[in-house]
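> Pasting a structure here, questions to come.
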Amino acid sequence: LKIGITVPTILQLNNRLVEIEAKIDTGAENCIFERRHGETLGLEIESGTEKLFSTATAPFITYGHELKILVLGIETYS
């Protein structure tokens, strides 16, 4: 059972891409993906812009990078 909106998504950086299923939050200001997806794209994760997020259970750190995201035929950079 998948809760929420889940759609096929392609993350692309230069000539590398990774196909995943992503949850869509149309009101979100950020896109957060698993580290392994960034590594598959060849990103040096910690070289990105550091940002702290808080959840009900614990905070976590992310590292921002710009890449192409393709969802349902729509292409954007985030």
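A note on labels: chains of the structure tokens are A, B, ... as shown, every chain counts residues from 1, and ligands are counted from 1 in their shown order.
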Based on the backbone DSSP call, show me all residues of region 16-46 of chain A assigned alpha helix (DSSP H), as JSON, numbers by chain.
{"A": [35, 36, 37, 38, 39, 40]}
> For the strand (DSSP E) assignment from backbone DSSP, which residues of chain A qualify? Please present them as a PDB file with N, CA and C atoms, in the first residue's frame.

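The result, written out as selection15.pdb:
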ATOM      1  N   THR A   6       2.196   8.956  -5.511  1.00  0.00           N
ATOM      2  CA  THR A   6       3.475   8.378  -5.921  1.00  0.00           C
ATOM      3  C   THR A   6       3.500   8.290  -7.442  1.00  0.00           C
ATOM      4  N   VAL A   7       4.550   8.844  -8.050  1.00  0.00           N
ATOM      5  CA  VAL A   7       4.628   8.849  -9.512  1.00  0.00           C
ATOM      6  C   VAL A   7       6.023   8.437  -9.979  1.00  0.00           C
ATOM      7  N   PRO A   8       6.111   7.843 -11.174  1.00  0.00           N
ATOM      8  CA  PRO A   8       7.421   7.537 -11.744  1.00  0.00           C
ATOM      9  C   PRO A   8       8.173   8.848 -11.982  1.00  0.00           C
ATOM     10  N   THR A   9       9.424   8.872 -11.590  1.00  0.00           N
ATOM     11  CA  THR A   9      10.224  10.092 -11.658  1.00  0.00           C
ATOM     12  C   THR A   9      11.621   9.753 -12.167  1.00  0.00           C
ATOM     13  N   ILE A  10      12.181  10.649 -12.962  1.00  0.00           N
ATOM     14  CA  ILE A  10      13.559  10.497 -13.432  1.00  0.00           C
ATOM     15  C   ILE A  10      14.366  11.671 -12.903  1.00  0.00           C
ATOM     16  N   LEU A  11      15.478  11.364 -12.249  1.00  0.00           N
ATOM     17  CA  LEU A  11      16.432  12.380 -11.826  1.00  0.00           C
ATOM     18  C   LEU A  11      17.590  12.306 -12.807  1.00  0.00           C
ATOM     19  N   GLN A  12      18.034  13.471 -13.319  1.00  0.00           N
ATOM     20  CA  GLN A  12      19.089  13.461 -14.324  1.00  0.00           C
ATOM     21  C   GLN A  12      20.117  14.541 -14.028  1.00  0.00           C
ATOM     22  N   LEU A  13      21.385  14.169 -14.164  1.00  0.00           N
ATOM     23  CA  LEU A  13      22.500  15.101 -14.060  1.00  0.00           C
ATOM     24  C   LEU A  13      23.463  14.761 -15.188  1.00  0.00           C
ATOM     25  N   ARG A  16      23.867  11.126 -16.837  1.00  0.00           N
ATOM     26  CA  ARG A  16      23.462  10.066 -15.905  1.00  0.00           C
ATOM     27  C   ARG A  16      22.023  10.301 -15.458  1.00  0.00           C
ATOM     28  N   LEU A  17      21.288   9.196 -15.286  1.00  0.00           N
ATOM     29  CA  LEU A  17      19.928   9.324 -14.763  1.00  0.00           C
ATOM     30  C   LEU A  17      19.599   8.146 -13.880  1.00  0.00           C
ATOM     31  N   VAL A  18      18.601   8.365 -13.025  1.00  0.00           N
ATOM     32  CA  VAL A  18      18.098   7.315 -12.151  1.00  0.00           C
ATOM     33  C   VAL A  18      16.577   7.400 -12.177  1.00  0.00           C
ATOM     34  N   GLU A  19      15.939   6.239 -12.338  1.00  0.00           N
ATOM     35  CA  GLU A  19      14.476   6.169 -12.354  1.00  0.00           C
ATOM     36  C   GLU A  19      14.002   5.692 -10.985  1.00  0.00           C
ATOM     37  N   ILE A  20      13.081   6.451 -10.392  1.00  0.00           N
ATOM     38  CA  ILE A  20      12.566   6.130  -9.059  1.00  0.00           C
ATOM     39  C   ILE A  20      11.064   6.361  -9.026  1.00  0.00           C
ATOM     40  N   GLU A  21      10.446   5.966  -7.936  1.00  0.00           N
ATOM     41  CA  GLU A  21       9.084   6.386  -7.635  1.00  0.00           C
ATOM     42  C   GLU A  21       9.187   7.433  -6.544  1.00  0.00           C
ATOM     43  N   ALA A  22       8.545   8.577  -6.744  1.00  0.00           N
ATOM     44  CA  ALA A  22       8.652   9.680  -5.792  1.00  0.00           C
ATOM     45  C   ALA A  22       7.285  10.084  -5.276  1.00  0.00           C
ATOM     46  N   LYS A  23       7.258  10.529  -4.042  1.00  0.00           N
ATOM     47  CA  LYS A  23       6.053  11.121  -3.462  1.00  0.00           C
ATOM     48  C   LYS A  23       6.027  12.584  -3.873  1.00  0.00           C
ATOM     49  N   THR A  49      24.786  22.422  -0.870  1.00  0.00           N
ATOM     50  CA  THR A  49      24.372  23.402   0.128  1.00  0.00           C
ATOM     51  C   THR A  49      23.711  22.685   1.297  1.00  0.00           C
ATOM     52  N   GLU A  50      24.302  22.834   2.489  1.00  0.00           N
ATOM     53  CA  GLU A  50      23.790  22.132   3.672  1.00  0.00           C
ATOM     54  C   GLU A  50      22.514  22.796   4.191  1.00  0.00           C
ATOM     55  N   LYS A  51      21.523  21.957   4.543  1.00  0.00           N
ATOM     56  CA  LYS A  51      20.275  22.456   5.110  1.00  0.00           C
ATOM     57  C   LYS A  51      19.768  21.449   6.136  1.00  0.00           C
ATOM     58  N   LEU A  52      19.326  21.953   7.280  1.00  0.00           N
ATOM     59  CA  LEU A  52      18.803  21.118   8.358  1.00  0.00           C
ATOM     60  C   LEU A  52      17.278  21.076   8.277  1.00  0.00           C
ATOM     61  N   PHE A  53      16.714  19.877   8.352  1.00  0.00           N
ATOM     62  CA  PHE A  53      15.269  19.679   8.404  1.00  0.00           C
ATOM     63  C   PHE A  53      14.925  19.048   9.742  1.00  0.00           C
ATOM     64  N   SER A  54      13.757  19.372  10.271  1.00  0.00           N
ATOM     65  CA  SER A  54      13.298  18.773  11.520  1.00  0.00           C
ATOM     66  C   SER A  54      12.024  18.001  11.274  1.00  0.00           C
ATOM     67  N   PRO A  59      15.870  15.563  13.821  1.00  0.00           N
ATOM     68  CA  PRO A  59      16.337  16.403  12.710  1.00  0.00           C
ATOM     69  C   PRO A  59      17.260  15.603  11.797  1.00  0.00           C
ATOM     70  N   PHE A  60      17.423  16.066  10.567  1.00  0.00           N
ATOM     71  CA  PHE A  60      18.390  15.449   9.653  1.00  0.00           C
ATOM     72  C   PHE A  60      18.942  16.520   8.719  1.00  0.00           C
ATOM     73  N   ILE A  61      20.158  16.286   8.225  1.00  0.00           N
ATOM     74  CA  ILE A  61      20.848  17.225   7.350  1.00  0.00           C
ATOM     75  C   ILE A  61      20.740  16.743   5.905  1.00  0.00           C
ATOM     76  N   THR A  62      20.525  17.696   5.007  1.00  0.00           N
ATOM     77  CA  THR A  62      20.530  17.404   3.578  1.00  0.00           C
ATOM     78  C   THR A  62      21.587  18.279   2.909  1.00  0.00           C
ATOM     79  N   TYR A  63      21.918  17.935   1.659  1.00  0.00           N
ATOM     80  CA  TYR A  63      22.884  18.710   0.880  1.00  0.00           C
ATOM     81  C   TYR A  63      22.278  18.958  -0.491  1.00  0.00           C
ATOM     82  N   GLY A  64      22.026  20.227  -0.794  1.00  0.00           N
ATOM     83  CA  GLY A  64      21.318  20.575  -2.017  1.00  0.00           C
ATOM     84  C   GLY A  64      22.202  20.639  -3.251  1.00  0.00           C
ATOM     85  N   LYS A  68      18.055  17.939 -13.056  1.00  0.00           N
ATOM     86  CA  LYS A  68      16.800  17.881 -13.812  1.00  0.00           C
ATOM     87  C   LYS A  68      15.898  16.813 -13.206  1.00  0.00           C
ATOM     88  N   ILE A  69      14.619  17.146 -13.079  1.00  0.00           N
ATOM     89  CA  ILE A  69      13.612  16.202 -12.590  1.00  0.00           C
ATOM     90  C   ILE A  69      12.521  16.101 -13.646  1.00  0.00           C
ATOM     91  N   LEU A  70      12.206  14.875 -14.057  1.00  0.00           N
ATOM     92  CA  LEU A  70      11.145  14.648 -15.035  1.00  0.00           C
ATOM     93  C   LEU A  70      10.022  13.858 -14.362  1.00  0.00           C
ATOM     94  N   VAL A  71       8.827  14.441 -14.366  1.00  0.00           N
ATOM     95  CA  VAL A  71       7.658  13.815 -13.751  1.00  0.00           C
ATOM     96  C   VAL A  71       6.469  13.966 -14.683  1.00  0.00           C
ATOM     97  N   ILE A  74       6.707  16.288 -17.529  1.00  0.00           N
ATOM     98  CA  ILE A  74       7.093  17.663 -17.201  1.00  0.00           C
ATOM     99  C   ILE A  74       8.540  17.664 -16.742  1.00  0.00           C
ATOM    100  N   GLU A  75       9.326  18.555 -17.316  1.00  0.00           N
ATOM    101  CA  GLU A  75      10.756  18.639 -17.032  1.00  0.00           C
ATOM    102  C   GLU A  75      11.022  19.943 -16.285  1.00  0.00           C
ATOM    103  N   THR A  76      11.733  19.848 -15.163  1.00  0.00           N
ATOM    104  CA  THR A  76      12.080  21.045 -14.403  1.00  0.00           C
ATOM    105  C   THR A  76      13.456  20.855 -13.777  1.00  0.00           C
ATOM    106  N   TYR A  77      14.027  21.944 -13.320  1.00  0.00           N
ATOM    107  CA  TYR A  77      15.292  21.897 -12.608  1.00  0.00           C
ATOM    108  C   TYR A  77      15.037  22.306 -11.169  1.00  0.00           C
TER     109      TYR A  77
END
> Interatomic distance between CA of Ile5 (chain A) and CA of Ile24 (chain A)?
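About the pair CA of Ile5 (chain A) and CA of Ile24 (chain A): they are 5.6 Å apart.
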> Would you work out the distance separating CA of Ser78 (chain A) from CA of Glu44 (chain A), expressed in Å to one decimal?
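Atom-to-atom, CA of Ser78 (chain A) to CA of Glu44 (chain A), that is 16.7 Å.
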> In Å, rounded to a single decimal, give me how far CA of Ile45 (chain A) is from CA of Ile3 (chain A).
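Straight-line distance from CA of Ile3 (chain A) to CA of Ile45 (chain A) works out to 28.2 Å.
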> Looking at A:Phe33, A:Glu66, A:Asp25, A:Gly4, which one is nearest to Ser47 (chain A), with distances taken over only C-alpha atoms?
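Of all the options, A:Glu66 lies closest to Ser47 (chain A).
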